[in-house]
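Data block for entry.cif (mmCIF, C-alpha atoms):
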```
data_input
#
loop_
_atom_site.group_PDB
_atom_site.id
_atom_site.type_symbol
_atom_site.label_atom_id
_atom_site.label_comp_id
_atom_site.auth_asym_id
_atom_site.auth_seq_id
_atom_site.Cartn_x
_atom_site.Cartn_y
_atom_site.Cartn_z
ATOM 1 C CA MET A 1 1.991 164.296 190.633
ATOM 2 C CA PRO A 2 0.866 167.591 192.151
ATOM 3 C CA ASP A 3 -2.784 168.640 191.790
ATOM 4 C CA ALA A 4 -1.835 171.930 190.172
ATOM 5 C CA VAL A 5 1.256 173.461 188.631
ATOM 6 C CA GLU A 6 1.836 177.144 188.021
ATOM 7 C CA LEU A 7 3.811 178.326 185.010
ATOM 8 C CA ARG A 8 4.931 181.933 185.024
ATOM 9 C CA LEU A 9 5.772 183.388 181.633
ATOM 10 C CA VAL A 10 8.133 186.346 181.615
ATOM 11 C CA ILE A 11 9.809 188.388 178.926
ATOM 12 C CA PRO A 12 13.586 187.888 179.038
ATOM 13 C CA PRO A 13 15.450 191.057 179.999
ATOM 14 C CA GLU A 14 17.683 190.644 176.908
ATOM 15 C CA LEU A 15 14.751 191.653 174.688
ATOM 16 C CA GLY A 16 14.432 195.066 176.301
ATOM 17 C CA PRO A 17 11.912 196.829 178.497
ATOM 18 C CA GLU A 18 8.795 194.747 179.112
ATOM 19 C CA ALA A 19 6.386 197.602 178.353
ATOM 20 C CA GLU A 20 7.953 198.221 174.915
ATOM 21 C CA ILE A 21 7.955 194.534 174.031
ATOM 22 C CA LEU A 22 4.296 194.127 175.013
ATOM 23 C CA ALA A 23 3.330 197.270 173.075
ATOM 24 C CA GLU A 24 5.099 196.015 169.936
ATOM 25 C CA LEU A 25 3.532 192.561 170.347
ATOM 26 C CA ARG A 26 0.038 194.066 170.649
ATOM 27 C CA GLN A 27 0.701 196.223 167.579
ATOM 28 C CA ARG A 28 1.846 193.244 165.483
ATOM 29 C CA VAL A 29 -1.094 191.077 166.572
ATOM 30 C CA GLN A 30 -3.487 193.910 165.737
ATOM 31 C CA ALA A 31 -1.895 194.291 162.276
ATOM 32 C CA VAL A 32 -2.338 190.571 161.556
ATOM 33 C CA GLU A 33 -5.937 190.664 162.809
ATOM 34 C CA GLU A 34 -6.704 193.653 160.570
ATOM 35 C CA THR A 35 -5.142 191.910 157.559
ATOM 36 C CA CYS A 36 -7.201 188.770 158.215
ATOM 37 C CA ALA A 37 -10.374 190.829 158.702
ATOM 38 C CA ALA A 38 -9.776 192.616 155.397
ATOM 39 C CA GLU A 39 -9.243 189.252 153.662
ATOM 40 C CA ARG A 40 -12.467 187.895 155.154
ATOM 41 C CA GLN A 41 -14.298 191.052 154.063
ATOM 42 C CA ARG A 42 -12.936 190.676 150.535
ATOM 43 C CA THR A 43 -13.785 186.973 150.199
ATOM 44 C CA GLY A 44 -17.004 186.985 152.215
ATOM 45 C CA ARG A 45 -15.831 184.267 154.579
ATOM 46 C CA ARG A 46 -16.927 184.268 158.172
ATOM 47 C CA VAL A 47 -15.338 183.320 161.470
ATOM 48 C CA TYR A 48 -17.027 180.580 163.467
ATOM 49 C CA GLY A 49 -18.418 181.724 166.773
ATOM 50 C CA ARG A 50 -18.362 179.789 170.017
ATOM 51 C CA ARG A 51 -21.701 178.099 169.392
ATOM 52 C CA ALA A 52 -20.776 176.956 165.869
ATOM 53 C CA VAL A 53 -17.466 175.544 167.066
ATOM 54 C CA ARG A 54 -19.136 173.629 169.885
ATOM 55 C CA GLN A 55 -21.755 172.195 167.514
ATOM 56 C CA GLN A 56 -19.096 170.572 165.331
ATOM 57 C CA SER A 57 -18.543 166.874 165.741
ATOM 58 C CA TRP A 58 -15.084 165.787 166.716
ATOM 59 C CA ARG A 59 -15.359 163.172 163.963
ATOM 60 C CA ASP A 60 -15.979 165.712 161.164
ATOM 61 C CA GLN A 61 -13.466 166.130 158.390
ATOM 62 C CA PRO A 62 -13.037 168.704 155.615
ATOM 63 C CA SER A 63 -15.319 168.303 152.610
ATOM 64 C CA SER A 64 -12.698 169.675 150.218
ATOM 65 C CA VAL A 65 -9.789 167.539 149.073
ATOM 66 C CA GLU A 66 -6.269 168.846 149.278
ATOM 67 C CA PRO A 67 -4.084 167.868 146.322
ATOM 68 C CA ARG A 68 -1.618 165.332 147.655
ATOM 69 C CA ARG A 69 1.284 163.256 146.484
ATOM 70 C CA THR A 70 1.883 165.195 143.297
ATOM 71 C CA LEU A 71 5.610 165.535 143.880
ATOM 72 C CA ARG A 72 7.670 162.403 143.333
ATOM 73 C CA PRO A 73 11.296 163.313 143.876
ATOM 74 C CA ARG A 74 13.772 160.864 142.378
ATOM 75 C CA VAL A 75 16.853 163.035 142.399
ATOM 76 C CA ALA A 76 18.265 165.402 144.995
ATOM 77 C CA ALA A 77 21.310 167.493 144.227
ATOM 78 C CA ARG A 78 22.562 170.911 145.212
ATOM 79 C CA SER A 79 23.877 171.591 141.738
ATOM 80 C CA VAL A 80 21.231 172.299 139.113
ATOM 81 C CA TRP A 81 23.406 170.742 136.404
ATOM 82 C CA VAL A 82 24.033 167.546 138.339
ATOM 83 C CA ARG A 83 20.287 167.233 138.924
ATOM 84 C CA ILE A 84 19.518 167.830 135.234
ATOM 85 C CA GLU A 85 22.050 165.184 134.194
ATOM 86 C CA ALA A 86 20.580 162.671 136.636
ATOM 87 C CA LEU A 87 17.057 163.379 135.397
ATOM 88 C CA GLN A 88 18.213 162.897 131.798
ATOM 89 C CA ARG A 89 19.840 159.568 132.731
ATOM 90 C CA ASN A 90 16.586 158.496 134.419
ATOM 91 C CA ARG A 91 14.567 159.486 131.365
ATOM 92 C CA ALA A 92 16.935 157.563 129.069
ATOM 93 C CA PHE A 93 16.773 154.503 131.346
ATOM 94 C CA LEU A 94 12.970 154.550 131.368
ATOM 95 C CA ALA A 95 12.823 154.843 127.573
ATOM 96 C CA ASP A 96 15.337 151.998 127.077
ATOM 97 C CA TYR A 97 13.534 149.855 129.653
ATOM 98 C CA ALA A 98 10.136 150.441 128.015
ATOM 99 C CA MET A 99 11.471 149.400 124.592
ATOM 100 C CA ALA A 100 13.216 146.318 125.993
ATOM 101 C CA ARG A 101 10.156 145.285 127.990
ATOM 102 C CA GLU A 102 7.855 145.646 124.984
ATOM 103 C CA ALA A 103 10.174 143.482 122.861
ATOM 104 C CA TRP A 104 10.577 140.951 125.695
ATOM 105 C CA LEU A 105 6.799 140.641 126.093
ATOM 106 C CA HIS A 106 6.598 139.803 122.374
ATOM 107 C CA GLY A 107 9.149 136.998 122.780
ATOM 108 C CA ALA A 108 12.300 138.679 121.510
ATOM 109 C CA GLY A 109 15.596 138.045 123.249
ATOM 110 C CA VAL A 110 16.621 141.515 124.372
ATOM 111 C CA MET A 111 19.119 143.221 126.636
ATOM 112 C CA PHE A 112 17.613 145.269 129.421
ATOM 113 C CA PRO A 113 19.421 148.450 130.528
ATOM 114 C CA LEU A 114 21.795 148.357 133.457
ATOM 115 C CA GLY A 115 19.764 148.892 136.615
ATOM 116 C CA THR A 116 17.028 146.345 135.882
ATOM 117 C CA TYR A 117 17.415 144.263 139.025
ATOM 118 C CA TRP A 118 14.063 142.584 139.635
ATOM 119 C CA LEU A 119 13.737 141.031 136.166
ATOM 120 C CA ARG A 120 17.359 139.908 136.262
ATOM 121 C CA ARG A 121 16.793 138.118 139.535
ATOM 122 C CA PHE A 122 13.332 136.664 139.009
ATOM 123 C CA ALA A 123 12.838 136.442 135.233
ATOM 124 C CA ASN A 124 16.414 135.638 134.210
ATOM 125 C CA VAL A 125 16.675 138.384 131.604
ATOM 126 C CA ARG A 126 19.981 139.602 130.185
ATOM 127 C CA ILE A 127 21.325 142.950 131.396
ATOM 128 C CA ALA A 128 23.618 145.275 129.475
ATOM 129 C CA GLU A 129 27.108 145.649 130.900
ATOM 130 C CA ALA A 130 28.413 148.969 132.179
#
```

What is this file in structure tokens?
Amino acid sequence: MPDAVELRLVIPPELGPEAEILAELRQRVQAVEETCAAERQRTGRRVYGRRAVRQQSWRDQPSSVEPRRTLRPRVAARSVWVRIEALQRNRAFLADYAMAREAWLHGAGVMFPLGTYWLRRFANVRIAEA
């Protein structure tokens, strides 16, 4: 491997004159910086300086907790109506399964809804036909 490598970044000629591109880029960066500064001014937040950043431990982690794993997708469909129908079928299955399980736990001989695979295989329960 070489000791040093030089990477030269250039603006492709297809984008237009280099001076105009750089001027527009500077203008857009300045607009974003001004927006962020206004937001910090409004909320009272501060930007860490060099010293504060260097004083942080590399092992630190945020003290706030981000909400996670709140979305549990069971159905994916492009059509809204197909998705609604599938969700309704899932809801009906869960309701039927809950009733059958409750009765089964109390000793009744019940039929579980179609789709109950684990109990059919390992607990020898009866499954409704399609």

One number please: atom CA of Gly107 of chain A to atom CA of Leu94 of chain A, in Å, one decimal. 19.9 Å

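This file, filtered with the PyMOL selection byres ((chain A and resi 116) around 12), gives the residues Phe93, Leu94, Asp96, Tyr97, Ala98, Ala100, Arg101, Met111, Phe112, Pro113, Leu114, Gly115, Tyr117, Trp118, Leu119, Arg120, Arg121, Phe122, Ala123, Asn124, Val125, Arg126, Ile127, Ala128 and Glu129 of chain A.
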
Preceding selection exported with C-alpha atoms as an mmCIF file, in the coordinates of the input:
```
data_model
loop_
_atom_site.group_PDB
_atom_site.id
_atom_site.type_symbol
_atom_site.label_atom_id
_atom_site.label_comp_id
_atom_site.auth_asym_id
_atom_site.auth_seq_id
_atom_site.Cartn_x
_atom_site.Cartn_y
_atom_site.Cartn_z
ATOM 1 C CA PHE A 93 16.773 154.503 131.346
ATOM 2 C CA LEU A 94 12.970 154.550 131.368
ATOM 3 C CA ASP A 96 15.337 151.998 127.077
ATOM 4 C CA TYR A 97 13.534 149.855 129.653
ATOM 5 C CA ALA A 98 10.136 150.441 128.015
ATOM 6 C CA ALA A 100 13.216 146.318 125.993
ATOM 7 C CA ARG A 101 10.156 145.285 127.990
ATOM 8 C CA MET A 111 19.119 143.221 126.636
ATOM 9 C CA PHE A 112 17.613 145.269 129.421
ATOM 10 C CA PRO A 113 19.421 148.450 130.528
ATOM 11 C CA LEU A 114 21.795 148.357 133.457
ATOM 12 C CA GLY A 115 19.764 148.892 136.615
ATOM 13 C CA TYR A 117 17.415 144.263 139.025
ATOM 14 C CA TRP A 118 14.063 142.584 139.635
ATOM 15 C CA LEU A 119 13.737 141.031 136.166
ATOM 16 C CA ARG A 120 17.359 139.908 136.262
ATOM 17 C CA ARG A 121 16.793 138.118 139.535
ATOM 18 C CA PHE A 122 13.332 136.664 139.009
ATOM 19 C CA ALA A 123 12.838 136.442 135.233
ATOM 20 C CA ASN A 124 16.414 135.638 134.210
ATOM 21 C CA VAL A 125 16.675 138.384 131.604
ATOM 22 C CA ARG A 126 19.981 139.602 130.185
ATOM 23 C CA ILE A 127 21.325 142.950 131.396
ATOM 24 C CA ALA A 128 23.618 145.275 129.475
ATOM 25 C CA GLU A 129 27.108 145.649 130.900
#
```

Nearby residues (all atoms listed in the file) at most 12 Å from Arg74 of chain A, same-chain spacing under 5 positions excluded, as a PyMOL selection string: chain A and resi 83-84+86-91

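The coordinates place atom CA of Leu25 of chain A at 11.4 Å from atom CA of Ile11 of chain A.
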
To one decimal place, how far is atom CA of Val29 of chain A from atom CA of Val47 of chain A in Å? 17.0 Å
